[in-house]
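final-v2.pdb (PDB, C-alpha atoms) appears below.
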```pdb
ATOM      1  CA  MET U   1      15.275-130.835 -31.308
ATOM      2  CA  SER U   2      12.345-128.561 -32.294
ATOM      3  CA  ALA U   3       8.686-129.587 -32.194
ATOM      4  CA  PRO U   4       7.145-130.649 -35.409
ATOM      5  CA  HIS U   5       5.588-127.819 -37.428
ATOM      6  CA  ASP U   6       1.796-127.602 -37.205
ATOM      7  CA  PRO U   7       0.518-126.597 -40.581
ATOM      8  CA  GLN U   8      -2.567-124.973 -38.911
ATOM      9  CA  TYR U   9      -0.447-122.298 -37.222
ATOM     10  CA  PRO U  10       2.151-120.323 -39.162
ATOM     11  CA  PRO U  11       5.541-120.069 -37.666
ATOM     12  CA  TYR U  12       6.219-117.091 -35.301
ATOM     13  CA  GLU U  13       8.041-114.185 -36.801
ATOM     14  CA  PRO U  14       9.311-111.508 -34.348
ATOM     15  CA  PRO U  15       8.457-107.880 -35.280
ATOM     16  CA  PRO U  16      11.119-105.883 -36.964
ATOM     17  CA  ARG U  17      13.363-103.833 -34.666
ATOM     18  CA  THR U  18      13.017-100.110 -35.101
ATOM     19  CA  ALA U  19      14.560 -97.135 -33.259
ATOM     20  CA  PRO U  20      12.427 -95.848 -30.392
ATOM     21  CA  PRO U  21      10.687 -92.519 -30.999
ATOM     22  CA  PRO U  22      12.051 -89.348 -29.397
ATOM     23  CA  LEU U  23      11.187 -88.778 -25.793
ATOM     24  CA  ALA U  24       8.879 -85.977 -26.685
ATOM     25  CA  GLN U  25       6.756 -88.385 -28.835
ATOM     26  CA  GLN U  26       6.547 -91.188 -26.310
ATOM     27  CA  HIS U  27       3.522 -91.843 -24.117
ATOM     28  CA  PRO U  28       2.904 -88.963 -21.741
ATOM     29  CA  LEU U  29       3.115 -91.265 -18.793
ATOM     30  CA  ARG U  30       6.529 -92.359 -19.866
ATOM     31  CA  ALA U  31       7.906 -89.112 -21.313
ATOM     32  CA  PRO U  32       9.591 -86.797 -18.796
ATOM     33  CA  PRO U  33       7.527 -83.730 -18.017
ATOM     34  CA  PRO U  34       8.574 -80.564 -19.854
ATOM     35  CA  TYR U  35      10.253 -78.622 -17.053
ATOM     36  CA  PRO U  36      10.111 -74.889 -17.584
ATOM     37  CA  PRO U  37      13.381 -73.043 -17.248
ATOM     38  CA  PRO U  38      14.035 -71.956 -13.671
ATOM     39  CA  SER U  39      12.663 -68.516 -12.951
ATOM     40  CA  TYR U  40      15.293 -67.120 -10.599
ATOM     41  CA  PRO U  41      14.540 -63.675  -9.212
ATOM     42  CA  PRO U  42      16.476 -60.937 -10.970
ATOM     43  CA  ALA U  43      19.494 -59.416  -9.328
ATOM     44  CA  TYR U  44      18.580 -56.926  -6.581
ATOM     45  CA  ALA U  45      18.145 -53.504  -8.040
ATOM     46  CA  PRO U  46      16.095 -51.175  -5.820
ATOM     47  CA  ALA U  47      13.753 -48.857  -7.543
ATOM     48  CA  PRO U  48      15.212 -45.360  -7.900
ATOM     49  CA  TYR U  49      14.101 -43.103  -5.095
ATOM     50  CA  PRO U  50      12.617 -39.804  -6.089
ATOM     51  CA  PRO U  51      14.883 -36.833  -5.307
ATOM     52  CA  PRO U  52      14.178 -35.297  -1.893
ATOM     53  CA  PRO U  53      12.167 -32.098  -1.998
ATOM     54  CA  TYR U  54      15.086 -29.806  -1.189
ATOM     55  CA  PRO U  55      14.464 -26.068  -1.466
ATOM     56  CA  PRO U  56      16.059 -24.366  -4.426
ATOM     57  CA  PRO U  57      19.684 -23.272  -3.963
ATOM     58  CA  TYR U  58      20.053 -20.159  -1.848
ATOM     59  CA  ALA U  59      21.959 -18.471  -4.629
ATOM     60  CA  SER U  60      18.814 -18.420  -6.727
ATOM     61  CA  ALA U  61      17.086 -16.221  -4.174
ATOM     62  CA  PRO U  62      18.041 -12.541  -3.974
ATOM     63  CA  TYR U  63      20.761 -12.201  -1.353
ATOM     64  CA  PRO U  64      19.958  -9.556   1.227
ATOM     65  CA  PRO U  65      22.482  -6.713   1.357
ATOM     66  CA  ALA U  66      24.967  -6.670   4.185
ATOM     67  CA  PRO U  67      23.715  -4.630   7.129
ATOM     68  CA  TYR U  68      26.755  -2.346   7.036
ATOM     69  CA  ALA U  69      27.556  -2.398   3.339
ATOM     70  CA  THR U  70      27.495   1.390   3.390
ATOM     71  CA  ALA U  71      28.463   3.955   5.973
ATOM     72  CA  ARG U  72      26.065   4.089   8.875
ATOM     73  CA  PRO U  73      24.032   7.281   8.961
ATOM     74  CA  LEU U  74      24.686   9.448  11.963
ATOM     75  CA  ARG U  75      21.817  10.390  14.224
ATOM     76  CA  ARG U  76      21.571  14.043  15.057
ATOM     77  CA  GLY U  77      19.299  15.188  17.819
ATOM     78  CA  PRO U  78      18.291  14.181  21.339
ATOM     79  CA  PHE U  79      18.446  10.484  22.086
ATOM     80  CA  ARG U  80      15.526  10.535  24.534
ATOM     81  CA  ASN U  81      16.021   7.969  27.274
ATOM     82  CA  ARG U  82      17.636   5.241  25.206
ATOM     83  CA  ARG U  83      20.551   3.645  26.977
ATOM     84  CA  ASN U  84      22.679   3.302  23.830
ATOM     85  CA  GLY U  85      22.506   7.074  23.348
ATOM     86  CA  TRP U  86      24.309   8.032  26.538
ATOM     87  CA  ILE U  87      26.712   5.115  26.134
ATOM     88  CA  ALA U  88      27.735   6.723  22.832
ATOM     89  CA  VAL U  89      28.359   9.986  24.704
ATOM     90  CA  VAL U  90      30.500   8.177  27.270
ATOM     91  CA  ILE U  91      32.563   6.652  24.460
ATOM     92  CA  GLY U  92      32.957  10.056  22.836
ATOM     93  CA  VAL U  93      34.102  11.678  26.074
ATOM     94  CA  ALA U  94      36.632   8.904  26.637
ATOM     95  CA  THR U  95      38.005   9.422  23.115
ATOM     96  CA  LEU U  96      38.365  13.172  23.577
ATOM     97  CA  VAL U  97      40.096  12.774  26.925
ATOM     98  CA  ALA U  98      42.494  10.090  25.686
ATOM     99  CA  VAL U  99      43.598  12.173  22.703
ATOM    100  CA  LEU U 100      44.057  15.442  24.579
ATOM    101  CA  VAL U 101      46.036  13.708  27.339
ATOM    102  CA  ILE U 102      48.463  12.366  24.746
ATOM    103  CA  ALA U 103      48.761  15.845  23.215
ATOM    104  CA  GLY U 104      49.180  17.529  26.613
ATOM    105  CA  LEU U 105      51.831  15.323  28.187
ATOM    106  CA  ILE U 106      54.664  16.874  26.209
ATOM    107  CA  GLY U 107      57.384  19.045  27.726
ATOM    108  CA  GLY U 108      58.917  19.632  31.118
ATOM    109  CA  VAL U 109      57.253  20.126  34.473
ATOM    110  CA  SER U 110      56.177  23.669  35.329
ATOM    111  CA  ARG U 111      53.553  25.311  37.504
ATOM    112  CA  ALA U 112      50.256  26.442  36.016
ATOM    113  CA  PRO U 113      48.576  29.612  37.286
ATOM    114  CA  ALA U 114      45.995  29.115  40.018
ATOM    115  CA  ARG U 115      42.344  29.380  39.037
ATOM    116  CA  ILE U 116      39.036  27.903  40.214
ATOM    117  CA  VAL U 117      36.353  26.358  37.979
ATOM    118  CA  GLN U 118      32.774  25.903  39.218
ATOM    119  CA  LEU U 119      30.134  24.914  36.668
ATOM    120  CA  PRO U 120      26.934  26.988  36.768
ATOM    121  CA  ASP U 121      23.430  25.552  36.948
ATOM    122  CA  THR U 122      22.329  27.450  33.847
ATOM    123  CA  VAL U 123      24.108  28.751  30.763
ATOM    124  CA  ASP U 124      22.324  30.322  27.811
ATOM    125  CA  ASN U 125      19.262  28.090  27.262
ATOM    126  CA  TYR U 126      20.731  25.037  29.022
ATOM    127  CA  GLN U 127      19.736  23.925  32.507
ATOM    128  CA  ALA U 128      21.560  21.433  34.713
ATOM    129  CA  MET U 129      19.872  18.042  35.140
ATOM    130  CA  TYR U 130      19.661  16.288  38.500
ATOM    131  CA  THR U 131      17.925  13.071  37.459
ATOM    132  CA  PRO U 132      18.970   9.417  37.910
ATOM    133  CA  GLN U 133      19.823   9.268  34.212
ATOM    134  CA  ALA U 134      22.097  12.306  34.462
ATOM    135  CA  SER U 135      23.740  10.863  37.571
ATOM    136  CA  THR U 136      24.381   7.566  35.799
ATOM    137  CA  MET U 137      25.891   9.362  32.807
ATOM    138  CA  THR U 138      28.291  11.384  34.958
ATOM    139  CA  ASP U 139      29.397   8.298  36.898
ATOM    140  CA  ARG U 140      30.051   6.334  33.708
ATOM    141  CA  MET U 141      31.973   9.248  32.177
ATOM    142  CA  ARG U 142      34.199   9.514  35.234
ATOM    143  CA  ILE U 143      35.006   5.799  34.980
ATOM    144  CA  ALA U 144      35.637   6.056  31.226
ATOM    145  CA  MET U 145      37.942   9.077  31.620
ATOM    146  CA  SER U 146      39.927   7.415  34.393
ATOM    147  CA  THR U 147      40.289   4.218  32.351
ATOM    148  CA  THR U 148      41.269   5.727  28.996
ATOM    149  CA  SER U 149      43.429   8.660  30.103
ATOM    150  CA  GLY U 150      45.967   6.600  32.035
ATOM    151  CA  THR U 151      46.497   9.531  34.418
ATOM    152  CA  HIS U 152      44.786  11.062  37.444
ATOM    153  CA  ALA U 153      44.233  14.402  35.721
ATOM    154  CA  PHE U 154      40.465  13.842  35.524
ATOM    155  CA  ASP U 155      39.957  12.258  38.936
ATOM    156  CA  GLU U 156      38.453  15.490  40.298
ATOM    157  CA  ALA U 157      36.852  16.700  37.068
ATOM    158  CA  ARG U 158      33.606  18.666  37.214
ATOM    159  CA  VAL U 159      31.055  16.784  35.135
ATOM    160  CA  ARG U 160      27.541  18.040  34.507
ATOM    161  CA  VAL U 161      24.689  17.147  32.147
ATOM    162  CA  TYR U 162      22.404  19.907  30.856
ATOM    163  CA  GLN U 163      19.038  19.817  29.141
ATOM    164  CA  ASP U 164      17.970  22.233  26.422
ATOM    165  CA  GLY U 165      15.190  24.427  27.790
ATOM    166  CA  SER U 166      12.313  22.459  29.253
ATOM    167  CA  THR U 167      12.996  19.255  27.295
ATOM    168  CA  PRO U 168      13.988  16.677  29.969
ATOM    169  CA  THR U 169      16.592  14.879  27.887
ATOM    170  CA  PRO U 170      20.389  15.259  27.897
ATOM    171  CA  ALA U 171      21.537  17.850  25.391
ATOM    172  CA  LEU U 172      24.880  19.198  26.630
ATOM    173  CA  ILE U 173      27.682  17.508  28.582
ATOM    174  CA  VAL U 174      30.424  19.594  30.209
ATOM    175  CA  ILE U 175      33.702  18.336  31.721
ATOM    176  CA  ALA U 176      36.161  20.765  33.289
ATOM    177  CA  ILE U 177      39.399  20.564  35.259
ATOM    178  CA  ASN U 178      41.892  23.113  36.571
ATOM    179  CA  ALA U 179      45.542  22.961  37.484
ATOM    180  CA  ASN U 180      44.833  22.983  41.217
ATOM    181  CA  ASP U 181      43.009  19.629  41.139
ATOM    182  CA  ASN U 182      46.162  17.506  41.467
ATOM    183  CA  SER U 183      49.683  17.201  40.117
ATOM    184  CA  SER U 184      48.545  15.229  37.059
ATOM    185  CA  ALA U 185      46.101  17.960  36.069
ATOM    186  CA  ASN U 186      48.793  20.596  36.638
ATOM    187  CA  ASN U 187      51.275  18.726  34.451
ATOM    188  CA  LEU U 188      48.707  18.237  31.696
ATOM    189  CA  LEU U 189      47.761  21.926  31.565
ATOM    190  CA  ALA U 190      51.104  23.543  32.298
ATOM    191  CA  ASP U 191      53.238  21.479  29.970
ATOM    192  CA  GLY U 192      51.034  21.069  26.916
ATOM    193  CA  SER U 193      50.219  23.556  24.195
ATOM    194  CA  PRO U 194      46.610  24.796  24.655
ATOM    195  CA  GLN U 195      45.958  24.854  20.929
ATOM    196  CA  GLN U 196      47.527  21.432  20.412
ATOM    197  CA  ILE U 197      45.406  19.957  23.217
ATOM    198  CA  ALA U 198      42.147  21.433  21.894
ATOM    199  CA  ASP U 199      42.772  20.737  18.218
ATOM    200  CA  SER U 200      44.014  17.168  18.779
ATOM    201  CA  ALA U 201      40.986  16.252  20.884
ATOM    202  CA  LEU U 202      38.508  17.538  18.295
ATOM    203  CA  TYR U 203      40.512  16.164  15.381
ATOM    204  CA  GLY U 204      40.523  12.668  16.943
ATOM    205  CA  ALA U 205      36.740  12.697  17.424
ATOM    206  CA  SER U 206      35.883  14.222  14.054
ATOM    207  CA  PRO U 207      33.945  12.065  11.531
ATOM    208  CA  VAL U 208      35.928  13.673   8.690
ATOM    209  CA  SER U 209      39.652  13.135   9.001
ATOM    210  CA  ALA U 210      40.529  16.245   6.950
ATOM    211  CA  LEU U 211      38.255  18.543   8.972
ATOM    212  CA  GLN U 212      40.105  21.255  10.877
ATOM    213  CA  PRO U 213      38.621  22.738  14.069
ATOM    214  CA  SER U 214      37.413  26.339  13.969
ATOM    215  CA  HIS U 215      38.865  28.808  16.483
ATOM    216  CA  TYR U 216      36.901  31.495  18.322
ATOM    217  CA  PRO U 217      37.735  34.375  20.697
ATOM    218  CA  PRO U 218      38.730  32.817  24.056
ATOM    219  CA  GLY U 219      37.604  35.705  26.255
ATOM    220  CA  PRO U 220      39.467  37.547  29.016
ATOM    221  CA  PHE U 221      41.304  34.448  30.312
ATOM    222  CA  GLY U 222      43.066  33.836  27.007
ATOM    223  CA  GLY U 223      44.068  30.435  25.710
ATOM    224  CA  VAL U 224      42.077  28.746  22.951
ATOM    225  CA  ILE U 225      38.444  27.949  22.165
ATOM    226  CA  ALA U 226      38.114  25.450  19.312
ATOM    227  CA  CYS U 227      34.946  23.769  17.974
ATOM    228  CA  ALA U 228      34.167  21.140  15.325
ATOM    229  CA  PRO U 229      31.571  18.495  14.384
ATOM    230  CA  ILE U 230      32.285  15.227  16.184
ATOM    231  CA  GLU U 231      31.018  11.651  16.046
ATOM    232  CA  LEU U 232      29.952   9.763  19.153
ATOM    233  CA  ASP U 233      29.665   6.180  17.989
ATOM    234  CA  THR U 234      26.565   6.543  15.738
ATOM    235  CA  THR U 235      25.465   9.908  17.111
ATOM    236  CA  ALA U 236      26.532  13.137  15.422
ATOM    237  CA  GLY U 237      27.262  16.088  17.640
ATOM    238  CA  THR U 238      29.298  19.234  18.074
ATOM    239  CA  GLY U 239      32.285  19.583  20.364
ATOM    240  CA  CYS U 240      34.068  22.605  21.802
ATOM    241  CA  VAL U 241      37.201  22.735  23.955
ATOM    242  CA  TRP U 242      38.626  25.653  25.875
ATOM    243  CA  SER U 243      42.184  25.269  26.998
ATOM    244  CA  ASP U 244      44.855  27.365  28.658
ATOM    245  CA  ARG U 245      47.561  26.688  31.213
ATOM    246  CA  ALA U 246      45.171  26.988  34.158
ATOM    247  CA  SER U 247      42.003  25.174  33.094
ATOM    248  CA  LEU U 248      40.440  22.928  30.503
ATOM    249  CA  GLY U 249      36.788  22.508  29.534
ATOM    250  CA  ILE U 250      35.065  20.119  27.121
ATOM    251  CA  LEU U 251      31.532  20.715  25.829
ATOM    252  CA  ILE U 252      29.627  18.089  23.834
ATOM    253  CA  GLU U 253      26.283  19.099  22.310
ATOM    254  CA  ILE U 254      24.057  16.397  20.764
ATOM    255  CA  THR U 255      20.890  18.222  19.710
ATOM    256  CA  GLY U 256      22.266  19.725  16.502
ATOM    257  CA  ALA U 257      23.695  23.060  17.642
ATOM    258  CA  PRO U 258      26.187  24.431  15.080
ATOM    259  CA  SER U 259      29.769  25.224  16.012
ATOM    260  CA  ASP U 260      29.240  28.981  16.102
ATOM    261  CA  GLN U 261      26.379  28.653  18.585
ATOM    262  CA  LEU U 262      28.233  26.205  20.821
ATOM    263  CA  ALA U 263      31.331  28.441  20.738
ATOM    264  CA  LYS U 264      29.238  31.260  22.231
ATOM    265  CA  THR U 265      27.895  28.887  24.910
ATOM    266  CA  THR U 266      31.463  27.779  25.659
ATOM    267  CA  LEU U 267      32.622  31.348  26.151
ATOM    268  CA  ASP U 268      29.595  32.189  28.314
ATOM    269  CA  LEU U 269      30.061  29.070  30.449
ATOM    270  CA  ARG U 270      33.780  29.657  30.860
ATOM    271  CA  THR U 271      33.173  33.270  31.890
ATOM    272  CA  ALA U 272      30.648  32.169  34.511
ATOM    273  CA  ALA U 273      32.607  29.143  35.767
ATOM    274  CA  GLU U 274      36.211  30.304  35.868
ATOM    275  CA  HIS U 275      37.494  32.836  38.363
TER     276      HIS U 275
END
```

Just dump the structure as structure tokens.
Amino acid sequence: MSAPHDPQYPPYEPPPRTAPPPLAQQHPLRAPPPYPPPSYPPAYAPAPYPPPPYPPPYASAPYPPAPYATARPLRRGPFRNRRNGWIAVVIGVATLVAVLVIAGLIGGVSRAPARIVQLPDTVDNYQAMYTPQASTMTDRMRIAMSTTSGTHAFDEARVRVYQDGSTPTPALIVIAINANDNSSANNLLADGSPQQIADSALYGASPVSALQPSHYPPGPFGGVIACAPIELDTTAGTGCVWSDRASLGILIEITGAPSDQLAKTTLDLRTAAEH
């Protein structure tokens, strides 16, 4: 049972019910704070590195020509005391000997006429050298001839180095054998054709394959004297060979003497050495 109504106080009326305002319009103490969107770090992407300071491609620079793109020029003249000069001569002597041995070892065994060869100390303007350099050259040539020939024909060869006048440098090399040295030398000289031996040796050492040796008067002993330009490694020279069935001589001149001049020296040396 309700209390009696007091006319001094009106009856209580509850306020009308309304929908609450949005959260964003509510009291700041009650409204949730506005959280910013999460700021996650971006995916890892390293900064691009600058290109390394490489030099420009080698092709852009002018390419140097090959050192032997063209034929090597031949040196003509004395090689002073340079070691590579006399090594070239040793190679040239070995080539001459190897070729003439192949040309000479053809035919049956016969007996060559007896004759003695002794090289003179002087011939024309050339004088024999007796220096350590000349001794070394002769020793190396003996080894080279023994190695390349494959025979004993040059085991007792006379080898001598000459200088031109008073210039103390090698200018002329002479190698000579005769049939009395040993059986190999006899077989080489007695069985081979003198012209074939001389021409083949010079032809094999010639810088021009089509060049034919020139022939000169051989003197009273007969046989053949042939001369031609030759190439000793990178050194140009002139070569002469005398050949018959009793003896053989090789002359190599490296100071620029022409074939005609060296042919005269060959004849003069042979006349003085052979008897």

Practice prompt. Evaluate the PyMOL selection byres ((chain U and resi 167) around 12) on the structure here and hand back the selected residues as number ranges by chain.
Written response: U: 78-81, 125-129, 162-166, 168-172, 255

Worksheet, complete the sentence: Among U:Tyr203, U:Trp242, U:Arg270, U:Ala228, Pro258 of chain U is approached most closely, using all atoms listed in the file, by U:Ala228

Fill in: Protein, DNA and RNA residues within 7 Å of (28.1, 23.5, 14.7), all atoms listed in the file, as a ChimeraX atom specification
/U:228-229,238,257-262

Practice prompt. Can you work out the spacing between atom CA of Ile177 of chain U and atom CA of Gly256 of chain U in Å, to one decimal?
Written response: 25.4 Å

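Between atom CA of Ile225 of chain U and atom CA of Gly239 of chain U lies a distance of 10.5 Å.
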
Discussion item. Applying the PyMOL selection byres ((chain U and resi 155) around 10) to the file I just gave you, which residues come out? Please list them as a ChimeraX atom specification.
Written reply: /U:142-143,145-146,151-154,156-158,177,181-182,184-185

Go ahead and write the selection's residues with C-alpha atoms as a compact mmCIF listing (two decimals), keeping the file's coordinate frame.
```
# COMPACT_ATOMS: atom_id res chain seq x y z
CA ARG U 142 34.20 9.51 35.23
CA ILE U 143 35.01 5.80 34.98
CA MET U 145 37.94 9.08 31.62
CA SER U 146 39.93 7.42 34.39
CA THR U 151 46.50 9.53 34.42
CA HIS U 152 44.79 11.06 37.44
CA ALA U 153 44.23 14.40 35.72
CA PHE U 154 40.47 13.84 35.52
CA GLU U 156 38.45 15.49 40.30
CA ALA U 157 36.85 16.70 37.07
CA ARG U 158 33.61 18.67 37.21
CA ILE U 177 39.40 20.56 35.26
CA ASP U 181 43.01 19.63 41.14
CA ASN U 182 46.16 17.51 41.47
CA SER U 184 48.54 15.23 37.06
CA ALA U 185 46.10 17.96 36.07
```

Please return the centre and edge lengths, in Å to one decimal, of a box with edges along x, y and z that contains all listed atoms of segment 264-271 of chain U, widened by 8 Å on every side, as AutoDock Vina command-line options.
```
--center_x 30.8 --center_y 30.5 --center_z 27.1 --size_x 21.9 --size_y 21.5 --size_z 25.7
```

Practice prompt. Would you mind telling me which residue in U:Leu251, U:Pro194, U:Met137, U:Leu188 lies nearest to Ile175 of chain U when using all atoms listed in the file?
Written response: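 So, comparing all the options, the nearest one is U:Leu251.
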
Worksheet item: From the list U:Ala246, U:Ala176, U:Gly219, U:Ala201, which residue is nearest Asp268 of chain U when using only C-alpha atoms?
Response: U:Gly219

Item to complete: Check the smallest atom-to-atom distance from each of U:Gln118, U:Ser243, U:Thr271, U:Ser193 to Pro220 of chain U using all atoms listed in the file, then report the winner.
Response: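 Closest to Pro220 of chain U, using all atoms listed in the file: U:Thr271.
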
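When all atoms listed in the file are used to compute distances to Ala272 of chain U, the closest of the residues U:Ile173, U:Ala134, U:Ile254, U:Val117 turns out to be U:Val117.
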
Worksheet item: Suppose you want the space between atom CA of Val159 of chain U and atom CA of Asn187 of chain U; what is it in Å?
Response: 20.3 Å

Item to complete: May I have the residues within 8 Å of Asn180 of chain U as a VMD selection string, using only C-alpha atoms and disregarding those fewer than 4 positions away in the same chain?
Response: chain U and resid 114 to 116 185 to 186

Hey, can you spit out that residue selection with C-alpha atoms as a PDB file, keeping the file's coordinate frame?
```pdb
ATOM      1  CA  ALA U 114      45.995  29.115  40.018  1.00  0.00           C
ATOM      2  CA  ARG U 115      42.344  29.380  39.037  1.00  0.00           C
ATOM      3  CA  ILE U 116      39.036  27.903  40.214  1.00  0.00           C
ATOM      4  CA  ALA U 185      46.101  17.960  36.069  1.00  0.00           C
ATOM      5  CA  ASN U 186      48.793  20.596  36.638  1.00  0.00           C
TER       6      ASN U 186
END
```
